[in-house]
file my_file.txt (compact mmCIF, C-alpha atoms)
# COMPACT_ATOMS: atom_id res chain seq x y z
CA MET D 229 17.78 -2.53 -1.07
CA ARG D 230 19.94 0.59 -0.89
CA ILE D 231 20.72 1.76 2.63
CA GLY D 232 22.16 5.20 3.26
CA THR D 233 22.54 7.57 6.20
CA PHE D 234 20.71 10.83 6.90
CA VAL D 235 23.11 13.37 8.43
CA LEU D 236 21.69 16.32 10.34
CA ALA D 237 24.94 17.37 12.03
CA ALA D 238 22.84 17.55 15.18
CA GLN D 239 24.23 19.58 18.07
CA PHE D 240 23.30 17.79 21.27
CA PRO D 241 23.18 19.62 24.63
CA GLY D 242 26.67 20.31 25.92
CA GLN D 243 28.25 20.03 22.48
CA GLY D 244 29.63 22.67 20.15
CA PRO D 245 28.97 22.90 16.41
CA GLY D 246 32.48 21.69 15.60
CA GLU D 247 31.82 18.41 17.38
CA ALA D 248 28.57 17.92 15.46
CA LEU D 249 30.23 18.62 12.12
CA HIS D 250 33.18 16.34 12.88
CA ARG D 251 30.72 13.55 13.65
CA ALA D 252 28.97 14.24 10.32
CA VAL D 253 32.25 13.87 8.42
CA ARG D 254 33.39 10.78 10.29
CA SER D 255 30.02 9.04 9.96
CA THR D 256 30.17 9.54 6.20
CA GLU D 257 33.64 8.04 5.99
CA ALA D 258 32.41 5.14 8.13
CA ALA D 259 29.39 4.70 5.85
CA GLU D 260 31.64 4.25 2.82
CA GLU D 261 33.92 1.88 4.71
CA SER D 262 30.87 -0.16 5.79
CA GLY D 263 29.47 -0.60 2.29
CA LEU D 264 26.45 1.66 2.62
CA ASP D 265 24.95 3.18 -0.50
CA SER D 266 24.66 6.89 0.22
CA VAL D 267 24.70 9.77 2.66
CA TRP D 268 22.08 12.53 2.67
CA LEU D 269 22.92 15.93 4.20
CA ALA D 270 20.44 18.31 5.80
CA GLU D 271 20.52 22.13 5.69
CA HIS D 272 19.48 24.27 8.66
CA HIS D 273 20.03 27.88 9.67
CA PHE D 274 20.34 29.54 13.07
CA VAL D 275 19.33 26.46 15.12
CA PRO D 276 21.28 23.68 16.86
CA TYR D 277 18.82 21.09 15.49
CA GLY D 278 21.33 20.85 12.64
CA VAL D 279 24.43 23.01 12.27
CA CYS D 280 25.16 22.51 8.56
CA PRO D 281 24.03 25.73 6.81
CA SER D 282 25.12 24.59 3.33
CA ALA D 283 24.44 21.00 2.35
CA THR D 284 26.15 21.50 -1.02
CA THR D 285 29.35 22.79 0.61
CA LEU D 286 29.49 19.84 2.98
CA ALA D 287 28.68 17.54 0.06
CA ALA D 288 31.70 18.90 -1.82
CA LEU D 289 33.96 18.11 1.14
CA LEU D 290 32.56 14.61 1.55
CA LEU D 291 32.70 13.80 -2.16
CA GLY D 292 36.38 14.69 -1.99
CA ARG D 293 36.89 12.48 1.06
CA THR D 294 35.19 9.43 -0.51
CA ARG D 295 35.47 7.41 -3.71
CA ARG D 296 32.33 5.31 -4.07
CA ILE D 297 29.43 6.44 -1.94
CA ARG D 298 26.67 8.69 -3.31
CA VAL D 299 26.27 12.05 -1.52
CA GLY D 300 23.02 14.00 -1.66
CA THR D 301 21.29 16.97 -0.05
CA ALA D 302 18.21 16.30 2.07
CA VAL D 303 17.49 18.95 1.45
CA SER D 304 18.77 22.19 0.00
CA VAL D 305 16.04 24.66 1.01
CA LEU D 306 15.07 26.24 -2.29
CA PRO D 307 13.51 29.50 -0.97
CA ASN D 308 16.88 30.32 0.63
CA HIS D 309 18.82 30.01 -2.65
CA HIS D 310 18.73 31.49 -6.11
CA PRO D 311 17.79 28.43 -8.18
CA VAL D 312 20.42 29.11 -10.84
CA ALA D 313 23.19 29.39 -8.24
CA LEU D 314 22.06 26.13 -6.63
CA ALA D 315 21.83 24.37 -10.00
CA GLU D 316 25.33 25.58 -10.91
CA GLN D 317 26.65 24.03 -7.69
CA ALA D 318 24.79 20.79 -8.42
CA ALA D 319 26.25 20.60 -11.93
CA LEU D 320 29.73 21.25 -10.59
CA LEU D 321 29.46 18.53 -7.95
CA HIS D 322 27.95 16.09 -10.45
CA LEU D 323 30.77 16.60 -12.94
CA THR D 324 33.67 16.63 -10.51
CA SER D 325 32.47 13.58 -8.54
CA GLY D 326 31.90 11.33 -11.53
CA GLY D 327 28.12 11.42 -11.11
CA ARG D 328 27.94 10.66 -7.38
CA PHE D 329 25.92 13.72 -6.35
CA SER D 330 22.14 13.90 -5.84
CA LEU D 331 20.35 17.21 -5.38
CA GLY D 332 17.48 16.97 -2.94
CA VAL D 333 15.33 20.11 -2.71
CA GLY D 334 12.46 21.21 -0.53
CA ARG D 335 10.60 24.36 0.43
CA GLY D 336 11.59 24.25 4.10
CA GLY D 337 9.43 25.97 6.68
CA PRO D 338 8.07 29.45 7.47
CA TRP D 339 11.21 30.29 9.40
CA VAL D 340 13.14 33.52 9.92
CA ASP D 341 15.52 32.26 7.21
CA LEU D 342 13.09 33.77 4.70
CA GLU D 343 13.69 37.21 6.20
CA VAL D 344 17.45 36.88 6.51
CA PHE D 345 18.03 35.59 2.97
CA GLY D 346 15.40 37.85 1.43
CA GLY D 347 13.13 35.22 -0.06
CA GLY D 348 10.13 36.31 1.94
CA LEU D 349 7.05 34.34 2.86
CA ASP D 350 5.82 34.27 -0.73
CA ALA D 351 8.88 32.26 -1.79
CA TYR D 352 7.86 29.62 0.76
CA GLU D 353 4.13 29.65 0.11
CA ASN D 354 4.00 30.11 -3.68
CA GLY D 355 7.45 30.24 -5.24
CA PHE D 356 8.62 26.63 -5.05
CA PRO D 357 7.28 25.40 -8.45
CA GLU D 358 8.92 28.26 -10.36
CA ALA D 359 12.24 27.81 -8.56
CA LEU D 360 12.19 24.05 -9.11
CA GLY D 361 11.48 24.59 -12.81
CA LEU D 362 14.51 26.85 -13.14
CA VAL D 363 16.75 24.29 -11.41
CA LEU D 364 15.60 21.57 -13.79
CA ASP D 365 15.97 23.79 -16.86
CA TRP D 366 19.52 24.66 -15.83
CA LEU D 367 20.45 21.01 -15.41
CA ARG D 368 18.94 19.95 -18.75
CA GLU D 369 19.18 22.80 -21.26
CA PRO D 370 22.09 24.57 -23.02
CA CYS D 371 20.63 28.05 -22.42
CA VAL D 372 18.14 29.32 -19.85
CA ALA D 373 16.10 32.48 -19.38
CA GLY D 374 14.04 33.54 -16.37
CA ARG D 375 10.47 34.28 -17.39
CA GLY D 376 8.56 33.75 -14.16
CA GLU D 377 6.97 36.02 -11.58
CA ARG D 378 9.94 35.85 -9.23
CA PHE D 379 12.93 35.31 -11.50
CA GLY D 380 13.31 37.35 -14.66
CA PHE D 381 16.55 37.50 -16.64
CA ARG D 382 17.77 37.35 -20.23
CA GLU D 383 18.85 34.06 -21.77
CA VAL D 384 22.30 32.96 -20.67
CA ALA D 385 24.51 30.00 -21.49
CA VAL D 386 24.67 27.10 -19.06
CA VAL D 387 28.32 26.62 -18.08
CA PRO D 388 29.31 23.97 -17.18
CA ARG D 389 26.70 21.69 -18.74
CA ALA D 390 25.58 19.00 -16.32
CA ASP D 391 25.19 16.46 -19.12
CA GLU D 392 28.87 16.63 -20.14
CA LEU D 393 30.06 13.98 -17.70
CA LEU D 394 33.01 12.18 -19.28
CA GLU D 395 32.32 8.88 -17.55
CA GLY D 396 28.94 7.74 -16.32
CA PRO D 397 28.20 7.07 -12.63
CA ALA D 398 28.60 3.63 -11.12
CA ASP D 399 24.83 3.16 -11.33
CA PRO D 400 23.89 3.72 -15.00
CA GLY D 401 20.28 4.29 -13.96
CA GLU D 402 21.22 7.56 -12.28
CA GLY D 403 22.87 10.76 -13.28
CA GLY D 404 23.80 10.03 -16.89
CA ALA D 405 22.24 13.26 -18.16
CA GLY D 406 22.86 15.31 -15.04
CA PRO D 407 22.52 14.94 -11.28
CA GLU D 408 19.55 13.16 -9.82
CA VAL D 409 16.97 15.59 -8.41
CA VAL D 410 14.79 14.48 -5.48
CA VAL D 411 11.91 16.47 -3.97
CA ALA D 412 10.99 16.42 -0.27
CA CYS D 413 7.23 15.87 -0.17
CA THR D 414 5.02 16.53 2.83
CA SER D 415 1.63 17.22 1.21
CA PRO D 416 -0.50 16.06 -1.75
CA LYS D 417 0.40 19.31 -3.53
CA SER D 418 4.13 18.61 -3.38
CA VAL D 419 3.58 14.95 -4.32
CA ARG D 420 1.71 15.99 -7.47
CA LEU D 421 4.37 18.56 -8.34
CA ALA D 422 7.12 15.92 -8.11
CA ALA D 423 5.03 13.45 -10.08
CA ARG D 424 4.39 15.88 -12.95
CA ARG D 425 8.16 16.26 -13.27
CA ALA D 426 8.76 12.52 -12.75
CA LEU D 427 11.05 13.34 -9.84
CA PRO D 428 11.49 10.84 -6.99
CA MET D 429 10.26 11.84 -3.54
CA LEU D 430 12.04 12.05 -0.21
CA LEU D 431 9.51 11.12 2.49
CA GLY D 432 10.03 12.17 6.10
CA MET D 433 10.98 10.06 9.07
CA HIS D 434 7.82 11.06 10.97
CA CYS D 435 5.65 9.16 8.44
CA GLY D 436 4.66 5.54 8.89
CA ASP D 437 4.44 2.92 6.16
CA GLU D 438 0.74 3.47 5.49
CA GLU D 439 1.15 7.19 4.92
CA LYS D 440 4.18 6.65 2.71
CA ALA D 441 2.33 4.01 0.70
CA GLU D 442 -0.51 6.48 0.13
CA MET D 443 1.93 9.14 -1.07
CA VAL D 444 3.60 6.71 -3.47
CA ALA D 445 0.19 5.69 -4.84
CA LEU D 446 -0.77 9.35 -5.34
CA TRP D 447 2.58 10.01 -7.05
CA ARG D 448 2.02 7.14 -9.45
CA THR D 449 -1.49 8.29 -10.30
CA ALA D 450 -0.36 11.86 -10.92
CA ALA D 451 2.65 10.71 -12.96
CA ARG D 452 0.45 8.58 -15.19
CA GLU D 453 -1.97 11.47 -15.63
CA ALA D 454 1.00 13.65 -16.67
CA GLY D 455 1.75 11.19 -19.46
CA HIS D 456 4.88 9.53 -18.11
CA PRO D 457 5.43 6.00 -19.43
CA PRO D 458 4.86 2.96 -17.18
CA GLU D 459 8.57 2.19 -16.80
CA VAL D 460 9.17 5.71 -15.44
CA VAL D 461 6.21 5.51 -13.08
CA GLU D 462 7.11 2.10 -11.69
CA GLY D 463 10.85 2.70 -11.64
CA ALA D 464 10.92 5.95 -9.62
CA ALA D 465 13.56 5.64 -6.91
CA HIS D 466 11.83 7.29 -3.96
CA VAL D 467 13.73 7.65 -0.67
CA SER D 468 12.35 6.90 2.80
CA ALA D 469 13.91 8.78 5.71
CA GLY D 470 14.06 7.10 9.09
CA VAL D 471 16.09 6.43 12.22
CA ALA D 472 18.44 3.50 12.75
CA GLN D 473 20.05 2.32 15.97
CA ILE D 474 21.41 -1.21 16.11
CA GLY D 475 21.74 -2.93 19.49
CA ASP D 476 22.06 -6.45 20.84
CA GLY D 477 18.79 -6.57 22.76
CA ALA D 478 15.27 -5.46 21.90
CA GLY D 479 15.29 -2.61 24.41
CA GLU D 480 18.94 -1.56 24.33
CA ALA D 481 18.79 0.59 21.19
CA THR D 482 15.48 2.20 22.12
CA GLU D 483 16.74 3.02 25.60
CA MET D 484 19.82 4.73 24.17
CA LEU D 485 17.76 6.97 21.87
CA VAL D 486 15.11 7.78 24.48
CA LYS D 487 17.92 8.97 26.78
CA SER D 488 19.72 11.08 24.18
CA MET D 489 17.34 12.34 21.49
CA PRO D 490 14.71 14.27 23.53
CA GLY D 491 17.27 16.76 24.84
CA TRP D 492 18.49 17.45 21.30
CA LEU D 493 14.96 17.68 19.92
CA ARG D 494 13.79 20.03 22.67
CA GLN D 495 16.79 22.34 22.28
CA GLY D 496 16.82 22.22 18.49
CA LEU D 497 13.13 22.53 17.73
CA ASP D 498 12.53 25.21 20.36
CA ALA D 499 15.10 27.40 18.58
CA HIS D 500 13.07 27.73 15.39
CA VAL D 501 11.55 31.19 14.91
CA THR D 502 8.73 31.81 12.44
CA VAL D 503 9.08 34.69 10.00
CA ASP D 504 5.54 35.98 10.60
CA GLY D 505 4.97 35.18 14.26
CA ARG D 506 2.56 32.32 13.59
CA GLN D 507 1.94 29.92 16.44
CA ARG D 508 3.76 26.59 16.41
CA VAL D 509 2.61 23.30 17.90
CA MET D 510 5.66 21.42 19.17
CA ARG D 511 5.84 17.65 19.40
CA ASP D 512 6.60 16.18 22.79
CA PRO D 513 10.28 15.18 22.42
CA VAL D 514 10.00 11.94 24.39
CA ALA D 515 6.83 10.81 22.65
CA TYR D 516 8.30 11.70 19.27
CA THR D 517 11.46 9.70 19.99
CA GLU D 518 9.38 6.71 21.04
CA LEU D 519 7.31 7.05 17.87
CA LEU D 520 10.44 7.02 15.70
CA CYS D 521 11.81 4.00 17.55
CA GLY D 522 8.59 2.13 16.85
CA LEU D 523 8.50 3.00 13.14
CA HIS D 524 12.08 2.41 12.09
CA PRO D 525 15.01 -0.05 12.33
CA VAL D 526 15.80 0.43 16.01
CA GLY D 527 16.82 -2.78 17.74
CA PRO D 528 18.83 -5.93 17.00
CA PRO D 529 19.92 -6.64 13.39
CA ARG D 530 17.13 -9.08 12.58
CA LEU D 531 14.44 -6.66 13.76
CA ALA D 532 16.08 -3.81 11.87
CA ALA D 533 16.24 -5.82 8.65
CA ASP D 534 12.64 -6.97 9.03
CA ARG D 535 11.42 -3.39 9.49
CA LEU D 536 13.28 -2.19 6.41
CA ALA D 537 11.94 -5.12 4.40
CA ALA D 538 8.41 -4.47 5.63
CA THR D 539 8.59 -0.81 4.61
CA ALA D 540 9.88 -1.81 1.18
CA GLU D 541 7.10 -4.37 0.73
CA ARG D 542 4.34 -2.01 1.88
CA THR D 543 5.49 1.11 0.04
CA GLY D 544 7.60 -0.10 -2.87
CA ILE D 545 10.46 2.12 -1.63
CA THR D 546 13.85 0.43 -1.58
CA ARG D 547 16.11 3.42 -0.83
CA PHE D 548 16.58 4.55 2.75
CA ALA D 549 18.20 7.56 4.43
CA LEU D 550 18.63 6.63 8.08
CA LEU D 551 19.56 8.96 10.94
CA VAL D 552 22.42 7.19 12.70
CA GLU D 553 23.65 9.94 15.05
CA GLY D 554 20.78 9.69 17.54
CA SER D 555 23.12 8.74 20.38
CA GLY D 556 24.91 12.08 20.02
CA ASP D 557 28.22 10.29 20.56
CA LEU D 558 30.91 9.93 17.88
CA ALA D 559 32.12 6.45 18.83
CA ALA D 560 28.56 5.13 19.19
CA THR D 561 27.61 6.65 15.84
CA GLU D 562 30.55 5.04 14.06
CA GLU D 563 29.71 1.69 15.66
CA ASN D 564 26.08 2.09 14.64
CA VAL D 565 27.11 2.67 11.04
CA ARG D 566 29.48 -0.29 11.14
CA ARG D 567 26.74 -2.59 12.39
CA LEU D 568 24.34 -1.39 9.73
CA GLY D 569 26.84 -2.50 7.13
CA ALA D 570 28.14 -5.66 8.80
CA ASP D 571 25.04 -7.02 10.57
CA VAL D 572 21.97 -5.64 8.77
CA LEU D 573 22.91 -5.37 5.09
CA PRO D 574 23.66 -9.12 4.71
CA LEU D 575 20.14 -9.89 5.96
CA LEU D 576 18.62 -7.78 3.18
CA VAL D 577 20.33 -9.49 0.23
call {"tool": "encode", "arguments": {"input": "my_file.txt", "output": "structure tokens"}}
result
Amino acid sequence: MRIGTFVLAAQFPGQGPGEALHRAVRSTEAAEESGLDSVWLAEHHFVPYGVCPSATTLAALLLGRTRRIRVGTAVSVLPNHHPVALAEQAALLHLTSGGRFSLGVGRGGPWVDLEVFGGGLDAYENGFPEALGLVLDWLREPCVAGRGERFGFREVAVVPRADELLEGPADPGEGGAGPEVVVACTSPKSVRLAARRALPMLLGMHCGDEEKAEMVALWRTAAREAGHPPEVVEGAAHVSAGVAQIGDGAGEATEMLVKSMPGWLRQGLDAHVTVDGRQRVMRDPVAYTELLCGLHPVGPPRLAADRLAATAERTGITRFALLVEGSGDLAATEENVRRLGADVLPLLV
């Protein structure tokens, strides 16, 4: 079982972005000190839901602050980036960190970001497969040319090569030939795309075990149909996102999150603006918080460990990215991370 944190750099009501970013940095340092496996960084633009606009930039800082823990993006929003520029950053972080970087990518949402960064709605609706292909080519080939509908350019040399790592990563199953690439999947279409490329999935925290199990089963079927060997299909290291809050009593942790998270969710989600004026259906913040508390390791250590183990047994997923900043408080977040490492991890061995 590999337990990591999911860092949104969430700006809670009454806080400034600096406070949210400081908490993101400190929680990562605490995660390494506590023996956790990884930290996954979100990217958002123009909203207080998350105030990190560049997951790769924050990853660079955190890789420099740490020595062991894996740092990944969850996710870099591909329609907002030129895929070659993003792949260059991924190669750089992979090489300079000794193989500790994972590149998570996704297509994001139909937000005003697409207008600001010039990708346009088509990049969101249709352009993701081409952009993903260019990222993978750049991380695997010595020379790359753009020959798609969106990206056209002459063949150029890949410098630096992502497969020129002098020493392999601590986990020899990852990153030996370049950084791990993970795809955020929210639909059967994205699941099949990831499966054809044999790329592990990142599955969202709003999904329950049954839905995640169905997506893993679909991925395996599509991967087999694409001709990938059984060891690749069965060995894919998918990641399950969730929420974690460790408390002494059954209701203590839930009560903390129900008091703190709805205000952040309401403020953060309300700030999203669609690029084309389409109508949005917003979740009720309190009901959504209660849903997350019921799905994920929120409660005393034994309950938290049992929920993680149950998800692993039902879905086959043994990697977790857990939101630990749901209290909105720095000291409480650091304590939450500490208890994940000290009180929950030993129960999962």
call {"tool": "closest_atom_pairs", "arguments": {"input": "my_file.txt", "of": "region 447-476 of chain D", "to": "region 266-269 of chain D", "cutoff": "12 Å", "atoms": "only C-alpha atoms", "output": "JSON lines"}}
result
{"residue": "D:Val467", "atom": "CA", "partner": "D:Trp268", "partner_atom": "CA", "distance": 10.2}
{"residue": "D:Ser468", "atom": "CA", "partner": "D:Trp268", "partner_atom": "CA", "distance": 11.2}
{"residue": "D:Ala469", "atom": "CA", "partner": "D:Trp268", "partner_atom": "CA", "distance": 9.5}
{"residue": "D:Gly470", "atom": "CA", "partner": "D:Trp268", "partner_atom": "CA", "distance": 11.6}
call {"tool": "residues_around", "arguments": {"input": "my_file.txt", "residues": "Thr502 (chain D)", "least_positions_apart": "4", "cutoff": "7 Å", "atoms": "all atoms listed in the file", "output": "tab-separated table (two decimals) with C-alpha atoms, keeping the file's coordinate frame"}}
result
chain	number	residue	atom	x	y	z
D	338	PRO	CA	8.07	29.45	7.47
D	339	TRP	CA	11.21	30.29	9.40
D	340	VAL	CA	13.14	33.52	9.92
D	506	ARG	CA	2.56	32.32	13.59
call {"tool": "residues_around", "arguments": {"input": "my_file.txt", "residues": "Glu438 (chain D)", "least_positions_apart": "6", "cutoff": "10 Å", "atoms": "all atoms listed in the file", "output": "PyMOL selection string"}}
result
chain D and resi 444+539+542-543
call {"tool": "residues_around", "arguments": {"input": "my_file.txt", "residues": "region 372-382 of chain D", "least_positions_apart": "3", "cutoff": "9 Å", "atoms": "all atoms listed in the file", "output": "PyMOL selection string"}}
result
chain D and resi 310+351+355+358-359+362+365-366+369+385-386
call {"tool": "residues_around", "arguments": {"input": "my_file.txt", "residues": "Ile231 (chain D)", "least_positions_apart": "2", "cutoff": "12 Å", "atoms": "all atoms listed in the file", "output": "number ranges by chain"}}
result
D: 229, 233-234, 259-260, 262-268, 297-298, 467-472, 525, 532-533, 536-537, 540, 545-552, 565, 568-569, 572-574, 576-577
call {"tool": "closest_residue", "arguments": {"input": "my_file.txt", "among": "D:Glu353, D:Glu518, D:Asp504, D:Glu563", "to": "Ser418 (chain D)", "atoms": "only C-alpha atoms"}}
result
D:Glu353
call {"tool": "residues_around", "arguments": {"input": "my_file.txt", "residues": "Asp476 (chain D)", "least_positions_apart": "4", "cutoff": "9 Å", "atoms": "all atoms listed in the file", "output": "MDAnalysis selection string"}}
result
chainID D and resid 480:481 527:529
call {"tool": "closest_residue", "arguments": {"input": "my_file.txt", "among": "D:Ala412, D:Val526, D:Leu321, D:Leu286", "to": "Leu431 (chain D)", "atoms": "all atoms listed in the file"}}
result
D:Ala412
call {"tool": "closest_residue", "arguments": {"input": "my_file.txt", "among": "D:Gln317, D:Thr301, D:Gln473, D:Thr414", "to": "Glu562 (chain D)", "atoms": "only C-alpha atoms"}}
result
D:Gln473
call {"tool": "axis_aligned_box", "arguments": {"input": "my_file.txt", "around": "region 567-573 of chain D", "padding_each_side": "6 Å", "output": "lines of an AutoDock Vina configuration file"}}
result
center_x = 25.1
center_y = -4.2
center_z = 8.7
size_x = 18.2
size_y = 17.6
size_z = 19.3
call {"tool": "atom_distance", "arguments": {"input": "my_file.txt", "atom1": "CA of Glu261 (chain D)", "atom2": "CA of Gly327 (chain D)"}}
result
19.4 Å
call {"tool": "closest_residue", "arguments": {"input": "my_file.txt", "among": "D:Gly522, D:Pro311, D:Asp498, D:Val411", "to": "Leu485 (chain D)", "atoms": "only C-alpha atoms"}}
result
D:Gly522
call {"tool": "closest_residue", "arguments": {"input": "my_file.txt", "among": "D:Pro388, D:Gly347, D:Gly477, D:Pro407", "to": "Gly300 (chain D)", "atoms": "only C-alpha atoms"}}
result
D:Pro407
call {"tool": "closest_residue", "arguments": {"input": "my_file.txt", "among": "D:Val303, D:Ala451, D:Ala426, D:Ala478", "to": "Ser282 (chain D)", "atoms": "all atoms listed in the file"}}
result
D:Val303
